[in-house]
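Chemist: Take a look at the following structure, please.
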Amino acid sequence: MKKSIFSVLFIVSAFMLNSCYPGGPDYVEDMDVVLTKHNAEYNFASKGTYAIPDKIVKITGNLVEGETPEFVPDVTGKQILARIESNMTAYGWQKVDISANPDLLLAPASWETTTIVYWYDYWYYWWGGYYPMWGWGGYYPPVYYDSYTTGTLLMTLIDKNEVGANGNPVTQWTGAINGIMTGSYNATRMNTSIDKAFAASPYLKTN
Amino acid sequence: MKKILILFAFAVISFSAFSQSTLFSFQYSMGFGAGNMHDFIKPASFRGFTIDYRNLVTENIGLGFDMGWNVFYDEMPDANYEYQNVTYSGKQWRYSNEFPILGAMDYYFTKSGDIFPYAGLGVGTMYSLRNTDVGTYRFESDAWHFALRPEIGVVLDMGGGSGFNIVGKYYHGFAAGDLPSQGYFTINVGFVFVN
């Protein structure tokens, strides 16, 4: 009798505790993150002009030398650029053409990463007799898979006069935005994240 | 330290082999972080359990073991978190799982009515698994701590070999692995079965 009571206690507790395990994010935008990094010794306030391209380059990782890179489609790329520019203007920066010798270059880039998570039970014939509780409720062979794609927007501010040991210009400020991509472009999420990157970087102010 | 643990385990097993009665308790456990754990996660934990087993080697002394689980959780608000010249903006989900496994000795004071007060000490290990979820990323650190656990409690005898108990415990895991020392209090309520 006591053994039965113990068994019931264990099973009920296991289910109760499992179902009560604290949860995480409720909405996809909860997982949007913004990271900024800057060179603390660089005096942004002493600068005033910047240039920015009219497209956002898409990093695919398979660009062959000499080829033109892919770009984010204009329909979304222009909105993103407009938001970046409005934040720069609010901080006192003046946008100029790259031929006008700007103090800084603002280089936007983006990439996507797809992650696949899966669970398969093709080994059921091997473990089925020993662990029959695995794969409850599924048909044979049960396969579960899911995937999600994250998008990253990278904004970098470069001073062409500050060159590193390898001869390349050193990035003075980086703003990175990362989030799970949904079926359609969500301007509110993107704008909020861009605004956050600048809000977290008050040292960029020139006014 | 290993020698102490081995001696303690040997003593528990040896005395248990000659015991006359046993006490088994299954408890619901509420946890309250202290020190570094409280700095990491402030809210109390209402998810946890403890299993206590004691052999009464004399009328007043019980030897046995404790094991259990408490999970602490906090959802940090959407805010800026700064580290040197890097700023992270967004939400965080923090988890701290604690799994103590301890040899234990309790002293049972003289019975007063249906109530047995007792106090004891546990020595053993505590596994801590700490996760910080940020966006789609998880930062994980863990440690096997050397752990001490004082406790005080009461058993309410309901007759017929069963009862209830209320016990307060403090777990202290010394710095180990990826983590500094971890400590937390618990208040447990549970069923007791006496054989």
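We name chains A, B, ... following the order of the structure tokens; residues begin at 1 in each chain, and ligands are numbered from 1 as shown.
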Residues near range 37-49 of chain A, anyone? I mean within 9 Å using only C-alpha atoms, not counting same-chain ones fewer than 6 positions away, as a PyMOL selection string.

Modeler: (chain A and resi 92-96+101-105+171-176+201+203-207) or (chain B and resi 85-88)

Chemist: Would you put the residues from that selection into a file with C-alpha atoms, as a PDB file, in the first residue's frame?

Modeler:
ATOM      1  CA  GLY A  92      23.204  65.960 -35.174  1.00  0.00           C
ATOM      2  CA  TRP A  93      24.896  64.163 -38.053  1.00  0.00           C
ATOM      3  CA  GLN A  94      24.741  65.515 -41.587  1.00  0.00           C
ATOM      4  CA  LYS A  95      24.429  63.058 -44.442  1.00  0.00           C
ATOM      5  CA  VAL A  96      26.706  63.823 -47.399  1.00  0.00           C
ATOM      6  CA  ASN A 101      34.916  63.433 -47.906  1.00  0.00           C
ATOM      7  CA  PRO A 102      32.629  62.468 -44.996  1.00  0.00           C
ATOM      8  CA  ASP A 103      34.024  62.036 -41.490  1.00  0.00           C
ATOM      9  CA  LEU A 104      32.501  58.569 -41.152  1.00  0.00           C
ATOM     10  CA  LEU A 105      31.064  55.852 -43.379  1.00  0.00           C
ATOM     11  CA  THR A 171      35.144  49.998 -36.928  1.00  0.00           C
ATOM     12  CA  GLN A 172      34.393  52.701 -34.349  1.00  0.00           C
ATOM     13  CA  TRP A 173      30.791  51.723 -33.638  1.00  0.00           C
ATOM     14  CA  THR A 174      28.766  48.593 -34.280  1.00  0.00           C
ATOM     15  CA  GLY A 175      25.049  48.171 -33.855  1.00  0.00           C
ATOM     16  CA  ALA A 176      23.730  44.633 -34.353  1.00  0.00           C
ATOM     17  CA  SER A 201      24.687  54.873 -27.908  1.00  0.00           C
ATOM     18  CA  TYR A 203      28.088  59.018 -27.191  1.00  0.00           C
ATOM     19  CA  LEU A 204      27.273  59.283 -30.920  1.00  0.00           C
ATOM     20  CA  LYS A 205      25.633  62.664 -30.332  1.00  0.00           C
ATOM     21  CA  THR A 206      27.293  65.642 -31.980  1.00  0.00           C
ATOM     22  CA  ASN A 207      24.677  68.217 -31.008  1.00  0.00           C
TER      23      ASN A 207
ATOM     24  CA  ASN B  85      31.905  49.213 -23.952  1.00  0.00           C
ATOM     25  CA  VAL B  86      29.212  46.723 -25.021  1.00  0.00           C
ATOM     26  CA  THR B  87      25.512  47.314 -24.467  1.00  0.00           C
ATOM     27  CA  TYR B  88      22.902  44.632 -24.848  1.00  0.00           C
TER      28      TYR B  88
END

Chemist: Using only C-alpha atoms and a cut-off of 7 Å, which residues of chain A sit close to chain B? Please list them as a ChimeraX atom specification.

Modeler: /A:17,22,24,30-38,40,179,200

Chemist: Just want the 9 Å neighbourhood of Glu70 in chain A, counted on only C-alpha atoms, with same-chain residues fewer than 5 positions away dropped. Output as an NGL selection string.

Modeler: :A and (56-60 or 63)

Chemist: Residues within 9 Å of Thr114 in chain A, please, as a PyMOL selection string. Count only C-alpha atoms; anything in the same chain fewer than 3 positions from it doesn't count.

Modeler: chain A and resi 147-151

Chemist: Need to verify the contact set: Asp97 in chain A, 6 Å, only C-alpha atoms, exclusion of same-chain residues closer than 2 positions in sequence. Can you return it as number ranges by chain?

Modeler: A: 51, 99-100

Chemist: Could you save the residues just selected, with N, CA and C atoms, as a short mmCIF file (atom, residue, chain, number, x, y, z; two decimals), in the first residue's frame?

Modeler:
data_model
loop_
_atom_site.label_atom_id
_atom_site.label_comp_id
_atom_site.auth_asym_id
_atom_site.auth_seq_id
_atom_site.Cartn_x
_atom_site.Cartn_y
_atom_site.Cartn_z
N ALA A 51 28.46 59.33 -44.65
CA ALA A 51 27.87 58.87 -45.92
C ALA A 51 27.34 57.47 -45.70
N SER A 99 31.50 61.20 -52.06
CA SER A 99 32.53 61.99 -52.76
C SER A 99 32.86 63.28 -52.01
N ALA A 100 32.06 63.61 -50.97
CA ALA A 100 32.25 64.88 -50.25
C ALA A 100 33.15 64.72 -49.02
#

Chemist: Show me, as an NGL selection string, the residues that have an atom within 12 Å of range 105-116 of chain B when counting only C-alpha atoms, minus same-chain residues fewer than 5 positions from it.

Modeler: :B and (8-9 or 11-13 or 15-16 or 23 or 52-66 or 121-124 or 148-159 or 162-167 or 192)

Chemist: Measuring between only C-alpha atoms, which one of A:Val64, A:Val163, A:Leu153, A:Ala199 shows the shortest distance to Ile177 in chain A?

Modeler: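 Between A:Val64, A:Val163, A:Leu153, A:Ala199, the residue approaching Ile177 in chain A most closely is A:Leu153.
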
Chemist: So, with only C-alpha atoms as the atoms that count, which of A:Leu157, A:Met181, A:Ala90, A:Val117 lies closest to Tyr50 in chain A?

Modeler: A:Leu157

Chemist: Can you tell me how far CA of Ala44 in chain B sits from CA of Tyr127 in chain B, in Å to one decimal?

Modeler: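 Separation between CA of Ala44 in chain B and CA of Tyr127 in chain B: 18.9 Å.
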
Chemist: Taking the DSSP assignment computed from this structure's backbone, write out as a list of chain:residue names all residues of chain B that belong to helix (DSSP H, G or I).

Modeler: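 Matching residues for helix (DSSP H, G or I) in chain B are B:Lys2, B:Lys3, B:Ile4, B:Leu5, B:Ile6, B:Leu7, B:Phe8, B:Ala9, B:Phe10, B:Ala11, B:Val12, B:Ile13, B:Ser14, B:Phe15, B:Ser16, B:Ala17, B:Gly35, B:Asn36, B:Met37, B:His38, B:Asp39, B:Phe40.
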
Chemist: Could you save the residues just selected, with C-alpha atoms, as a CSV table (one decimal), in the first residue's frame?

Modeler:
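What follows is the written file selection-v1.csv:
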chain,number,residue,atom,x,y,z
B,2,LYS,CA,36.7,13.7,-0.6
B,3,LYS,CA,37.8,11.9,2.6
B,4,ILE,CA,35.2,13.7,4.7
B,5,LEU,CA,32.5,12.8,2.2
B,6,ILE,CA,33.6,9.1,2.0
B,7,LEU,CA,33.7,8.9,5.8
B,8,PHE,CA,30.3,10.5,6.1
B,9,ALA,CA,28.8,8.2,3.5
B,10,PHE,CA,30.4,5.2,5.3
B,11,ALA,CA,29.0,6.3,8.6
B,12,VAL,CA,25.5,6.7,7.2
B,13,ILE,CA,25.5,3.3,5.5
B,14,SER,CA,27.0,1.5,8.5
B,15,PHE,CA,24.6,3.0,11.0
B,16,SER,CA,21.7,2.5,8.6
B,17,ALA,CA,22.4,-1.2,8.3
B,35,GLY,CA,24.0,36.0,-1.9
B,36,ASN,CA,25.1,35.5,-5.5
B,37,MET,CA,22.0,33.5,-6.4
B,38,HIS,CA,19.8,36.3,-5.2
B,39,ASP,CA,21.8,38.8,-7.2
B,40,PHE,CA,21.1,36.6,-10.3

Chemist: Considering only C-alpha atoms, state which residue in the set B:Met67, B:Ala119, B:Leu179, B:Val194 is at the smallest distance from Glu140 in chain B.

Modeler: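 Checking each candidate against Glu140 in chain B, we get B:Leu179 as the closest.
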
Chemist: Figure out the distance between CA of Tyr170 in chain B and CA of Ala143 in chain B, please, to one decimal in Å.

Modeler: 18.2 Å

Chemist: Set the distance at 12 Å and use only C-alpha atoms: which residues neighbour Lys55 in chain A once local chain neighbours fewer than 5 positions away are removed? I'd like the list as a CSV table (one decimal) with C-alpha atoms, in the first residue's frame.

Modeler:
chain,number,residue,atom,x,y,z
A,69,PRO,CA,26.8,41.2,-53.9
A,70,GLU,CA,23.2,40.6,-53.3
A,71,PHE,CA,21.1,43.4,-51.7
A,72,VAL,CA,18.1,43.6,-49.4
A,73,PRO,CA,15.1,44.3,-51.6
A,74,ASP,CA,14.5,48.0,-51.9
A,75,VAL,CA,10.9,47.8,-50.6
A,76,THR,CA,12.3,47.0,-47.1
A,77,GLY,CA,15.9,48.2,-47.5
A,78,LYS,CA,14.8,51.8,-48.1
A,79,GLN,CA,12.6,51.8,-44.9
A,80,ILE,CA,15.5,50.5,-42.9
A,81,LEU,CA,17.9,53.1,-44.3
A,82,ALA,CA,15.4,55.9,-43.7
A,106,LEU,CA,28.0,54.0,-42.2
A,107,ALA,CA,27.9,50.5,-43.7
A,108,PRO,CA,24.8,48.5,-43.3
A,109,ALA,CA,24.7,44.8,-43.9
A,110,SER,CA,22.4,41.9,-43.2

Chemist: Could you check which of B:Thr50, B:Ser128, B:Ser29, B:Ser21 is closest to Pro180 in chain B, using only C-alpha atoms?

Modeler: B:Ser128

Chemist: From the options A:Glu29, A:Asn166, A:Thr89, A:Ile158, which residue's atoms come nearest to Ala187 in chain A, counting only C-alpha atoms?

Modeler: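 Ranking A:Glu29, A:Asn166, A:Thr89, A:Ile158 by distance to Ala187 in chain A, first place goes to A:Glu29.
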
Chemist: Which residue, A:Arg83, A:Thr115, A:Asp54, A:Lys160, has the smallest gap to Thr188 in chain A when you use only C-alpha atoms?

Modeler: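 Once distances to Thr188 in chain A are computed over only C-alpha atoms, the minimum belongs to A:Arg83.
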
Chemist: How would you write, as JSON, numbers by chain, the set of residues in range 12-200 of chain A that DSSP gives as strand (DSSP E)?

Modeler: {"A": [33, 34, 35, 36, 37, 38, 49, 50, 51, 57, 58, 70, 71, 94, 95, 104, 105, 106, 107, 108, 109, 110, 111, 112, 113, 114, 115, 116, 117, 118, 119, 120, 143, 144, 145, 146, 147, 148, 149, 150, 151, 152, 153, 154, 155, 156, 157, 158, 159, 160, 161, 162, 163, 169, 170, 171, 172, 173, 174, 175, 176, 177, 178, 179, 180]}
